[in-house]
Amino acid sequence: MLRKILKWTGGIIATLIAGAAIFYFVMRTQVNNRRDKTYDVQVRMLDIPSDSATMADGAHIYATKGCADCHGDNGGGNFFLEDPMVGTLSGTNLTRGKGGRPAGYGDREWLLALRHGLNAHNKPLVIMPSYEYYQMSDHDIASLVAYLKSMPPVDHEVPAPALGPLGTILSGLDKLPLIPAEKIDHAFKSPARVEKAVSPAYGQYLSMSCTGCHKPGLKGGESPIPGGTPVRDITTAGNLGKWSMPEFMAVMRTGKTPDGRQMKNEDMPWKMTSKYTDDELQALYLYLKTL
Ligand code: HEC
Ligand code: HEC
């Protein structure tokens with residue numbers, strides 16, 4: 001009798017292990033095929049200016065769009081996730097230094113990355129959140145590229161992003177935003193310029209940087225990072241509905257809410273939002289108040 005039970009459970013365990021192995025294999029094949037896809041896109045070229053006002057605009061965009069969190073303040077590349085199960089992910093060295101962008105990396109390659117989420121061979125970049133950037137105006141993208149090109153070289157070798165087993169499965173199940181190119185409208189025609197103004201319309205333009213985590217309707221939900229802190233509702237249905245403009249600005253600058261809750265920068269990137277100008281934060285507030 002005992003023997004029979006042991007045989008049985010042994011059989012069940014073996015079946016489960018085989019099932020898990022097949023599931024993992026299917027996920028890995030699916031993810032690899034998606035990563036290997038070549039995208040046929042039309043890159044609309046832009047004039048990249050090099051005057052100091054444009055550079056300053058570009059530096060501000062770099063600091064306020066999260067680039068520094070993944071690529072480092074100096075553009076030399078930075079680990080933002082080191083987890084044996086999920087993966088080791090680091091932003092590339094964007095400078096001309098050792099380990100940085102190759103010779104011949106030109107305006108077309110910058111635009112492929114920022115507007116299409118693709119590398120120089122038209123294959124998808126992983127995790128690089130280009131779906132938050134591709135709608136930026138031509139003027140803003142050109143300023144950003146002008147600044148990126150001007151960054152002093154940093155010698156820093158960074159390994160290519162590598163997914164762990166859990167990262168592969170989560171990507172296969174679409175629980176990890178692995179391939180931004182899949183979420184981009186590659187035929188989108190960005191406006192030439194969006195004028196800076198303290199207006200809900202400009203706030204909506206800036207809120208592109210919030211949608212990756214707070215979701216397109218800004219109602220929040222599950223964290224984009226597996227197991228991460230849930231993302232809050234920042235429409236008027238959430239706490240924002242109760243906050244005055246100065247209170248909202250203080251939250252964005254310090255990560256501390258009026259009721260005294262200190263948010264972690266790793267959850268809500270307030271070190272980034274603290275660099276927004278007063279006008280930008282006011283515009284964001286005016287827009288969020290309409291939701
Ligand atoms: C969440 C982290 C993250 C953020 C935020 C981020 N990047 Fe990236 N970026 C990456 C990763 C990871 C890669 C490498 C992807 C790969 O090799 O498949 C990458 C790749 C790139 C590339 C392509 C390099 C190449 O080899 O072709 C450029 C250009 C780039 N990022 C610029 C930026 C700029 C500019 C910003 C801000 C507007 C930004 N990134 C924001 C993670 C990030
Ligand atoms: C990397 C993901 C991420 C990005 C990008 C992000 N947020 Fe958040 N945000 C969060 C998370 C997670 C929380 C909840 C943190 C907590 O509860 O401690 C949060 C909380 C907040 C809160 C506090 C809400 C409350 O009810 O306490 C505000 C306000 C906020 N975010 C505004 C913004 C705005 C505006 C942007 C865009 C400029 C933005 N966030 C971009 C992840 C993000």
# chains A, B, ... in the order shown; residues from 1 in each chain; ligands from 1
call {"tool": "closest_atom_pairs", "arguments": {"of": "region 145-213 of chain A", "to": "region 275-287 of chain A", "cutoff": "12 Å", "atoms": "only C-alpha atoms", "output": "JSON lines"}}
result
{"residue": "A:Glu195", "atom": "CA", "partner": "A:Glu280", "partner_atom": "CA", "distance": 11.7}
{"residue": "A:Lys196", "atom": "CA", "partner": "A:Glu280", "partner_atom": "CA", "distance": 8.2}
{"residue": "A:Ala197", "atom": "CA", "partner": "A:Ala283", "partner_atom": "CA", "distance": 7.1}
{"residue": "A:Val198", "atom": "CA", "partner": "A:Ala283", "partner_atom": "CA", "distance": 4.6}
{"residue": "A:Ser199", "atom": "CA", "partner": "A:Ala283", "partner_atom": "CA", "distance": 5.0}
{"residue": "A:Pro200", "atom": "CA", "partner": "A:Tyr287", "partner_atom": "CA", "distance": 4.0}
{"residue": "A:Ala201", "atom": "CA", "partner": "A:Tyr287", "partner_atom": "CA", "distance": 6.8}
{"residue": "A:Tyr202", "atom": "CA", "partner": "A:Ala283", "partner_atom": "CA", "distance": 6.1}
{"residue": "A:Gly203", "atom": "CA", "partner": "A:Leu284", "partner_atom": "CA", "distance": 4.0}
{"residue": "A:Gln204", "atom": "CA", "partner": "A:Tyr287", "partner_atom": "CA", "distance": 5.8}
{"residue": "A:Tyr205", "atom": "CA", "partner": "A:Leu284", "partner_atom": "CA", "distance": 8.7}
{"residue": "A:Leu206", "atom": "CA", "partner": "A:Leu284", "partner_atom": "CA", "distance": 6.8}
{"residue": "A:Ser207", "atom": "CA", "partner": "A:Leu284", "partner_atom": "CA", "distance": 6.8}
{"residue": "A:Met208", "atom": "CA", "partner": "A:Leu284", "partner_atom": "CA", "distance": 10.5}
{"residue": "A:Ser209", "atom": "CA", "partner": "A:Leu284", "partner_atom": "CA", "distance": 10.9}
{"residue": "A:Cys210", "atom": "CA", "partner": "A:Leu284", "partner_atom": "CA", "distance": 10.2}
call {"tool": "residues_near_ligand", "arguments": {"ligand": "ligand 2", "cutoff": "9 Å", "atoms": "only C-alpha atoms and all ligand atoms", "output": "compact mmCIF listing (two decimals) with N, CA and C atoms, in the first residue's frame"}}
result
# COMPACT_ATOMS: atom_id res chain seq x y z
N THR A 64 14.35 65.22 -15.58
CA THR A 64 12.95 65.12 -15.13
C THR A 64 12.17 63.98 -15.79
N LYS A 65 12.79 63.22 -16.68
CA LYS A 65 12.08 62.12 -17.34
C LYS A 65 12.60 60.76 -16.88
N GLY A 66 13.36 60.73 -15.82
CA GLY A 66 13.79 59.43 -15.27
C GLY A 66 15.05 58.85 -15.90
N LEU A 206 2.92 66.83 -19.84
CA LEU A 206 3.94 66.38 -18.89
C LEU A 206 3.58 65.05 -18.24
N SER A 207 2.28 64.78 -18.13
CA SER A 207 1.83 63.58 -17.41
C SER A 207 2.18 62.29 -18.15
N MET A 208 2.69 62.40 -19.39
CA MET A 208 3.21 61.22 -20.10
C MET A 208 4.19 60.45 -19.22
N SER A 209 4.96 61.19 -18.43
CA SER A 209 5.99 60.56 -17.58
C SER A 209 5.39 59.84 -16.39
N CYS A 210 4.12 60.01 -16.15
CA CYS A 210 3.50 59.38 -14.98
C CYS A 210 2.75 58.12 -15.39
N THR A 211 2.40 58.02 -16.69
CA THR A 211 1.48 56.96 -17.13
C THR A 211 2.10 55.56 -17.07
N GLY A 212 3.43 55.46 -17.18
CA GLY A 212 4.08 54.15 -17.12
C GLY A 212 3.75 53.44 -15.82
N CYS A 213 3.71 54.19 -14.72
CA CYS A 213 3.40 53.59 -13.42
C CYS A 213 1.94 53.81 -13.02
N HIS A 214 1.46 55.06 -13.18
CA HIS A 214 0.10 55.37 -12.72
C HIS A 214 -0.97 54.95 -13.72
N LEU A 218 -4.30 57.36 -15.18
CA LEU A 218 -3.73 57.85 -13.91
C LEU A 218 -4.47 57.37 -12.67
N GLY A 220 -3.83 54.52 -11.28
CA GLY A 220 -2.95 53.63 -10.53
C GLY A 220 -3.34 52.18 -10.66
N GLY A 221 -2.81 51.36 -9.76
CA GLY A 221 -3.07 49.92 -9.79
C GLY A 221 -1.83 49.16 -9.37
N GLU A 222 -1.65 47.98 -9.98
CA GLU A 222 -0.50 47.13 -9.67
C GLU A 222 0.81 47.83 -10.04
N SER A 223 1.87 47.53 -9.31
CA SER A 223 3.18 48.08 -9.62
C SER A 223 3.71 47.48 -10.92
N PRO A 224 4.42 48.28 -11.75
CA PRO A 224 5.02 47.69 -12.95
C PRO A 224 6.19 46.78 -12.59
N ILE A 225 6.72 46.91 -11.37
CA ILE A 225 7.81 46.04 -10.90
C ILE A 225 7.16 44.92 -10.11
N GLY A 228 6.11 44.99 -6.37
CA GLY A 228 6.38 46.35 -5.89
C GLY A 228 5.17 47.00 -5.23
N THR A 229 5.40 48.16 -4.60
CA THR A 229 4.34 48.91 -3.93
C THR A 229 3.24 49.29 -4.93
N PRO A 230 1.97 49.05 -4.59
CA PRO A 230 0.89 49.43 -5.52
C PRO A 230 0.94 50.93 -5.83
N VAL A 231 0.56 51.28 -7.02
CA VAL A 231 0.62 52.67 -7.47
C VAL A 231 -0.72 53.34 -7.16
N ARG A 232 -0.66 54.54 -6.59
CA ARG A 232 -1.90 55.19 -6.15
C ARG A 232 -2.66 55.89 -7.27
N ASP A 233 -3.93 56.08 -6.99
CA ASP A 233 -4.82 56.83 -7.87
C ASP A 233 -4.48 58.32 -7.72
N ILE A 234 -4.08 58.99 -8.79
CA ILE A 234 -3.78 60.43 -8.67
C ILE A 234 -4.80 61.29 -9.43
N THR A 235 -6.00 60.71 -9.63
CA THR A 235 -7.09 61.55 -10.12
C THR A 235 -7.76 62.15 -8.87
N GLY A 238 -8.65 60.08 -5.77
CA GLY A 238 -7.67 59.73 -4.74
C GLY A 238 -7.41 60.91 -3.80
N ASN A 239 -6.30 60.83 -3.06
CA ASN A 239 -5.97 61.90 -2.12
C ASN A 239 -5.83 63.26 -2.79
N LEU A 240 -5.40 63.25 -4.04
CA LEU A 240 -5.18 64.50 -4.75
C LEU A 240 -6.41 65.39 -4.74
N PHE A 248 0.20 69.71 -3.02
CA PHE A 248 0.63 68.81 -4.10
C PHE A 248 2.10 69.07 -4.44
N MET A 249 2.47 70.35 -4.52
CA MET A 249 3.85 70.67 -4.90
C MET A 249 4.83 70.16 -3.84
N VAL A 251 4.40 67.51 -1.97
CA VAL A 251 4.49 66.05 -2.15
C VAL A 251 5.50 65.73 -3.26
N MET A 252 5.40 66.46 -4.34
CA MET A 252 6.26 66.18 -5.49
C MET A 252 7.72 66.56 -5.21
N GLY A 255 8.30 64.01 -1.38
CA GLY A 255 7.81 62.64 -1.23
C GLY A 255 6.99 62.46 0.04
N LYS A 256 6.74 63.57 0.75
CA LYS A 256 5.99 63.47 2.00
C LYS A 256 4.58 64.02 1.79
N THR A 257 3.58 63.24 2.20
CA THR A 257 2.20 63.66 1.98
C THR A 257 1.71 64.52 3.14
N PRO A 258 0.64 65.32 2.95
CA PRO A 258 0.14 66.20 4.02
C PRO A 258 -0.17 65.43 5.32
N ASP A 259 -0.56 64.14 5.21
CA ASP A 259 -0.83 63.38 6.44
C ASP A 259 0.43 62.72 6.99
N ARG A 261 2.95 60.85 5.53
CA ARG A 261 3.50 59.61 5.02
C ARG A 261 4.69 59.91 4.12
N GLN A 262 5.85 59.29 4.43
CA GLN A 262 7.05 59.52 3.60
C GLN A 262 7.14 58.42 2.55
N MET A 263 7.05 58.80 1.28
CA MET A 263 7.16 57.79 0.22
C MET A 263 8.63 57.54 -0.09
N LYS A 264 8.93 56.28 -0.46
CA LYS A 264 10.30 55.95 -0.84
C LYS A 264 10.54 56.37 -2.28
N ASN A 265 11.71 56.90 -2.55
CA ASN A 265 12.04 57.31 -3.91
C ASN A 265 12.00 56.13 -4.87
N GLU A 266 12.28 54.90 -4.37
CA GLU A 266 12.26 53.72 -5.24
C GLU A 266 10.82 53.39 -5.65
N ASP A 267 9.84 53.78 -4.84
CA ASP A 267 8.44 53.55 -5.21
C ASP A 267 7.96 54.68 -6.10
N MET A 268 7.90 55.87 -5.53
CA MET A 268 7.46 57.06 -6.26
C MET A 268 8.70 57.94 -6.45
N PRO A 269 9.19 58.10 -7.67
CA PRO A 269 10.47 58.80 -7.90
C PRO A 269 10.40 60.32 -7.66
N TRP A 270 10.30 60.70 -6.38
CA TRP A 270 10.12 62.13 -6.08
C TRP A 270 11.42 62.93 -6.21
N MET A 272 13.15 62.79 -8.72
CA MET A 272 13.00 63.26 -10.10
C MET A 272 11.96 64.38 -10.14
N THR A 273 10.79 64.18 -9.53
CA THR A 273 9.75 65.22 -9.62
C THR A 273 10.15 66.48 -8.84
N TYR A 276 11.25 69.29 -11.13
CA TYR A 276 10.31 70.00 -11.99
C TYR A 276 10.27 71.47 -11.56
N LEU A 281 4.96 71.88 -12.19
CA LEU A 281 4.15 71.23 -11.14
C LEU A 281 2.74 71.83 -11.10
N LEU A 284 0.79 70.40 -13.96
CA LEU A 284 0.40 69.02 -13.65
C LEU A 284 -0.80 69.00 -12.71
N TYR A 285 -0.75 69.84 -11.69
CA TYR A 285 -1.85 69.91 -10.73
C TYR A 285 -3.15 70.29 -11.43
N LEU A 288 -4.38 67.26 -13.34
CA LEU A 288 -4.89 66.16 -12.51
C LEU A 288 -6.24 66.52 -11.90
call {"tool": "closest_atom_pairs", "arguments": {"of": "chain A", "to": "ligand 1", "cutoff": "7 Å", "atoms": "only C-alpha atoms and all ligand atoms", "output": "JSON lines"}}
result
{"residue": "A:Ile61", "atom": "CA", "partner": "ligand 1", "partner_atom_place_in_ligand_line": "38 (C)", "distance": 6.9}
{"residue": "A:Tyr62", "atom": "CA", "partner": "ligand 1", "partner_atom_place_in_ligand_line": "37 (C)", "distance": 5.5}
{"residue": "A:Lys65", "atom": "CA", "partner": "ligand 1", "partner_atom_place_in_ligand_line": "38 (C)", "distance": 5.1}
{"residue": "A:Gly66", "atom": "CA", "partner": "ligand 1", "partner_atom_place_in_ligand_line": "5 (C)", "distance": 4.4}
{"residue": "A:Cys67", "atom": "CA", "partner": "ligand 1", "partner_atom_place_in_ligand_line": "37 (C)", "distance": 3.4}
{"residue": "A:Asp69", "atom": "CA", "partner": "ligand 1", "partner_atom_place_in_ligand_line": "5 (C)", "distance": 6.0}
{"residue": "A:Cys70", "atom": "CA", "partner": "ligand 1", "partner_atom_place_in_ligand_line": "2 (C)", "distance": 4.4}
{"residue": "A:His71", "atom": "CA", "partner": "ligand 1", "partner_atom_place_in_ligand_line": "7 (N)", "distance": 6.2}
{"residue": "A:Phe80", "atom": "CA", "partner": "ligand 1", "partner_atom_place_in_ligand_line": "2 (C)", "distance": 6.9}
{"residue": "A:Leu89", "atom": "CA", "partner": "ligand 1", "partner_atom_place_in_ligand_line": "12 (C)", "distance": 5.8}
{"residue": "A:Ser90", "atom": "CA", "partner": "ligand 1", "partner_atom_place_in_ligand_line": "12 (C)", "distance": 5.1}
{"residue": "A:Gly91", "atom": "CA", "partner": "ligand 1", "partner_atom_place_in_ligand_line": "11 (C)", "distance": 4.0}
{"residue": "A:Thr92", "atom": "CA", "partner": "ligand 1", "partner_atom_place_in_ligand_line": "14 (C)", "distance": 5.3}
{"residue": "A:Leu94", "atom": "CA", "partner": "ligand 1", "partner_atom_place_in_ligand_line": "29 (C)", "distance": 6.4}
{"residue": "A:Arg101", "atom": "CA", "partner": "ligand 1", "partner_atom_place_in_ligand_line": "26 (O)", "distance": 6.4}
{"residue": "A:Glu109", "atom": "CA", "partner": "ligand 1", "partner_atom_place_in_ligand_line": "27 (O)", "distance": 6.5}
{"residue": "A:Trp110", "atom": "CA", "partner": "ligand 1", "partner_atom_place_in_ligand_line": "29 (C)", "distance": 5.1}
{"residue": "A:Ala113", "atom": "CA", "partner": "ligand 1", "partner_atom_place_in_ligand_line": "29 (C)", "distance": 5.1}
{"residue": "A:Leu114", "atom": "CA", "partner": "ligand 1", "partner_atom_place_in_ligand_line": "29 (C)", "distance": 6.3}
{"residue": "A:Asn119", "atom": "CA", "partner": "ligand 1", "partner_atom_place_in_ligand_line": "27 (O)", "distance": 4.4}
{"residue": "A:Ala120", "atom": "CA", "partner": "ligand 1", "partner_atom_place_in_ligand_line": "27 (O)", "distance": 5.9}
{"residue": "A:Pro124", "atom": "CA", "partner": "ligand 1", "partner_atom_place_in_ligand_line": "18 (O)", "distance": 6.5}
{"residue": "A:Leu125", "atom": "CA", "partner": "ligand 1", "partner_atom_place_in_ligand_line": "18 (O)", "distance": 3.4}
{"residue": "A:Val126", "atom": "CA", "partner": "ligand 1", "partner_atom_place_in_ligand_line": "18 (O)", "distance": 4.0}
{"residue": "A:Ile127", "atom": "CA", "partner": "ligand 1", "partner_atom_place_in_ligand_line": "12 (C)", "distance": 5.1}
{"residue": "A:Met128", "atom": "CA", "partner": "ligand 1", "partner_atom_place_in_ligand_line": "10 (C)", "distance": 3.8}
{"residue": "A:Pro129", "atom": "CA", "partner": "ligand 1", "partner_atom_place_in_ligand_line": "4 (C)", "distance": 5.8}
{"residue": "A:Tyr133", "atom": "CA", "partner": "ligand 1", "partner_atom_place_in_ligand_line": "38 (C)", "distance": 6.4}
{"residue": "A:Leu144", "atom": "CA", "partner": "ligand 1", "partner_atom_place_in_ligand_line": "35 (C)", "distance": 6.7}
{"residue": "A:Leu148", "atom": "CA", "partner": "ligand 1", "partner_atom_place_in_ligand_line": "35 (C)", "distance": 7.0}
{"residue": "A:Ala160", "atom": "CA", "partner": "ligand 1", "partner_atom_place_in_ligand_line": "17 (O)", "distance": 5.7}
{"residue": "A:Pro161", "atom": "CA", "partner": "ligand 1", "partner_atom_place_in_ligand_line": "12 (C)", "distance": 6.0}
call {"tool": "closest_residue", "arguments": {"among": "A:Lys189, A:Ile169, A:Leu163, A:Ala63", "to": "Glu82 (chain A)", "atoms": "only C-alpha atoms"}}
result
A:Leu163
call {"tool": "select_by_dssp", "arguments": {"residues": "region 94-231 of chain A", "states": "alpha helix (DSSP H)", "output": "PyMOL selection string"}}
result
chain A and resi 107-111+138-150+165-172+200-206+208-214
call {"tool": "write_last_selection", "arguments": {"atoms": "N, CA and C atoms", "output": "short mmCIF file (atom, residue, chain, number, x, y, z; two decimals), in the first residue's frame"}}
result
data_model
loop_
_atom_site.label_atom_id
_atom_site.label_comp_id
_atom_site.auth_asym_id
_atom_site.auth_seq_id
_atom_site.Cartn_x
_atom_site.Cartn_y
_atom_site.Cartn_z
N ASP A 107 22.21 60.59 -35.24
CA ASP A 107 20.87 61.09 -34.94
C ASP A 107 19.81 60.02 -35.20
N ARG A 108 20.00 59.24 -36.25
CA ARG A 108 19.00 58.21 -36.57
C ARG A 108 18.88 57.21 -35.41
N GLU A 109 20.02 56.82 -34.85
CA GLU A 109 20.02 55.84 -33.76
C GLU A 109 19.38 56.43 -32.50
N TRP A 110 19.69 57.69 -32.20
CA TRP A 110 19.04 58.32 -31.03
C TRP A 110 17.53 58.31 -31.21
N LEU A 111 17.07 58.67 -32.42
CA LEU A 111 15.63 58.76 -32.66
C LEU A 111 14.98 57.38 -32.66
N ASP A 138 8.79 67.48 -31.30
CA ASP A 138 10.06 67.46 -32.04
C ASP A 138 11.08 68.34 -31.33
N HIS A 139 10.62 69.51 -30.88
CA HIS A 139 11.54 70.45 -30.22
C HIS A 139 12.15 69.83 -28.96
N ASP A 140 11.33 69.17 -28.16
CA ASP A 140 11.82 68.58 -26.91
C ASP A 140 12.75 67.40 -27.16
N ILE A 141 12.38 66.56 -28.13
CA ILE A 141 13.24 65.41 -28.45
C ILE A 141 14.58 65.91 -29.01
N ALA A 142 14.52 66.93 -29.87
CA ALA A 142 15.76 67.46 -30.45
C ALA A 142 16.65 68.05 -29.35
N SER A 143 16.04 68.73 -28.38
CA SER A 143 16.82 69.31 -27.27
C SER A 143 17.48 68.19 -26.47
N LEU A 144 16.71 67.12 -26.22
CA LEU A 144 17.24 66.00 -25.44
C LEU A 144 18.42 65.36 -26.18
N VAL A 145 18.26 65.13 -27.46
CA VAL A 145 19.34 64.51 -28.23
C VAL A 145 20.57 65.43 -28.24
N ALA A 146 20.33 66.74 -28.39
CA ALA A 146 21.46 67.69 -28.39
C ALA A 146 22.24 67.55 -27.08
N TYR A 147 21.51 67.46 -25.98
CA TYR A 147 22.17 67.32 -24.68
C TYR A 147 22.90 65.98 -24.57
N LEU A 148 22.25 64.89 -25.00
CA LEU A 148 22.86 63.56 -24.91
C LEU A 148 24.17 63.51 -25.69
N LYS A 149 24.17 64.14 -26.87
CA LYS A 149 25.38 64.13 -27.69
C LYS A 149 26.52 64.90 -27.04
N SER A 150 26.15 65.87 -26.20
CA SER A 150 27.17 66.73 -25.61
C SER A 150 27.74 66.17 -24.30
N PRO A 165 14.95 33.60 -14.54
CA PRO A 165 13.79 32.74 -14.87
C PRO A 165 12.45 33.40 -14.56
N LEU A 166 12.36 34.06 -13.41
CA LEU A 166 11.08 34.70 -13.07
C LEU A 166 10.81 35.86 -14.02
N GLY A 167 11.86 36.63 -14.33
CA GLY A 167 11.72 37.75 -15.28
C GLY A 167 11.21 37.25 -16.62
N THR A 168 11.71 36.10 -17.07
CA THR A 168 11.27 35.54 -18.35
C THR A 168 9.79 35.17 -18.29
N ILE A 169 9.39 34.50 -17.20
CA ILE A 169 7.99 34.08 -17.10
C ILE A 169 7.08 35.30 -17.00
N LEU A 170 7.47 36.29 -16.17
CA LEU A 170 6.65 37.49 -16.02
C LEU A 170 6.53 38.24 -17.35
N SER A 171 7.62 38.26 -18.12
CA SER A 171 7.57 38.92 -19.43
C SER A 171 6.65 38.16 -20.36
N GLY A 172 6.74 36.84 -20.32
CA GLY A 172 5.89 36.01 -21.16
C GLY A 172 4.42 36.24 -20.85
N PRO A 200 -3.83 73.19 -17.96
CA PRO A 200 -4.11 71.76 -17.93
C PRO A 200 -3.55 71.04 -19.16
N ALA A 201 -3.58 71.70 -20.33
CA ALA A 201 -3.10 71.05 -21.55
C ALA A 201 -1.61 70.74 -21.43
N TYR A 202 -0.84 71.68 -20.89
CA TYR A 202 0.59 71.41 -20.74
C TYR A 202 0.83 70.35 -19.65
N GLY A 203 -0.03 70.39 -18.62
CA GLY A 203 0.06 69.37 -17.58
C GLY A 203 -0.18 67.98 -18.14
N GLN A 204 -1.13 67.89 -19.07
CA GLN A 204 -1.41 66.60 -19.69
C GLN A 204 -0.18 66.11 -20.48
N TYR A 205 0.45 67.05 -21.17
CA TYR A 205 1.66 66.72 -21.93
C TYR A 205 2.74 66.18 -20.98
N LEU A 206 2.92 66.83 -19.84
CA LEU A 206 3.94 66.38 -18.89
C LEU A 206 3.58 65.05 -18.24
N MET A 208 2.69 62.40 -19.39
CA MET A 208 3.21 61.22 -20.10
C MET A 208 4.19 60.45 -19.22
N SER A 209 4.96 61.19 -18.43
CA SER A 209 5.99 60.56 -17.58
C SER A 209 5.39 59.84 -16.39
N CYS A 210 4.12 60.01 -16.15
CA CYS A 210 3.50 59.38 -14.98
C CYS A 210 2.75 58.12 -15.39
N THR A 211 2.40 58.02 -16.69
CA THR A 211 1.48 56.96 -17.13
C THR A 211 2.10 55.56 -17.07
N GLY A 212 3.43 55.46 -17.18
CA GLY A 212 4.08 54.15 -17.12
C GLY A 212 3.75 53.44 -15.82
N CYS A 213 3.71 54.19 -14.72
CA CYS A 213 3.40 53.59 -13.42
C CYS A 213 1.94 53.81 -13.02
N HIS A 214 1.46 55.06 -13.18
CA HIS A 214 0.10 55.37 -12.72
C HIS A 214 -0.97 54.95 -13.72
#
call {"tool": "closest_residue", "arguments": {"among": "A:Val154, A:Leu46, A:Ala56, A:Ala250", "to": "Ala192 (chain A)", "atoms": "only C-alpha atoms"}}
result
A:Leu46
call {"tool": "residues_around", "arguments": {"residues": "Asn122 (chain A)", "least_positions_apart": "3", "cutoff": "9 Å", "atoms": "only C-alpha atoms", "output": "MDAnalysis selection string"}}
result
chainID A and resid 37:41 112 116:119 125
call {"tool": "closest_residue", "arguments": {"among": "A:Met1, A:Gly100, A:Arg115, A:Leu173", "to": "Gln30 (chain A)", "atoms": "only C-alpha atoms"}}
result
A:Leu173
call {"tool": "atom_distance", "arguments": {"atom1": "CA of Leu176 (chain A)", "atom2": "CA of Ala59 (chain A)"}}
result
28.8 Å
call {"tool": "residues_around", "arguments": {"residues": "Gly75 (chain A)", "least_positions_apart": "2", "cutoff": "8 Å", "atoms": "only C-alpha atoms", "output": "PDB file with C-alpha atoms, in the first residue's frame"}}
result
ATOM      1  CA  ALA A  68      19.230  59.549 -14.793  1.00  0.00           C
ATOM      2  CA  HIS A  71      21.474  55.724 -17.114  1.00  0.00           C
ATOM      3  CA  GLY A  72      23.122  57.622 -14.241  1.00  0.00           C
ATOM      4  CA  ASP A  73      23.454  61.390 -13.697  1.00  0.00           C
ATOM      5  CA  GLY A  77      24.948  53.632 -17.111  1.00  0.00           C
ATOM      6  CA  ASN A  93      26.355  53.885 -21.047  1.00  0.00           C
ATOM      7  CA  LEU A  94      25.076  56.624 -23.371  1.00  0.00           C
ATOM      8  CA  THR A  95      28.335  58.581 -23.566  1.00  0.00           C
ATOM      9  CA  MET A 151      27.635  64.545 -22.498  1.00  0.00           C
ATOM     10  CA  VAL A 154      32.473  58.242 -19.165  1.00  0.00           C
TER      11      VAL A 154
END
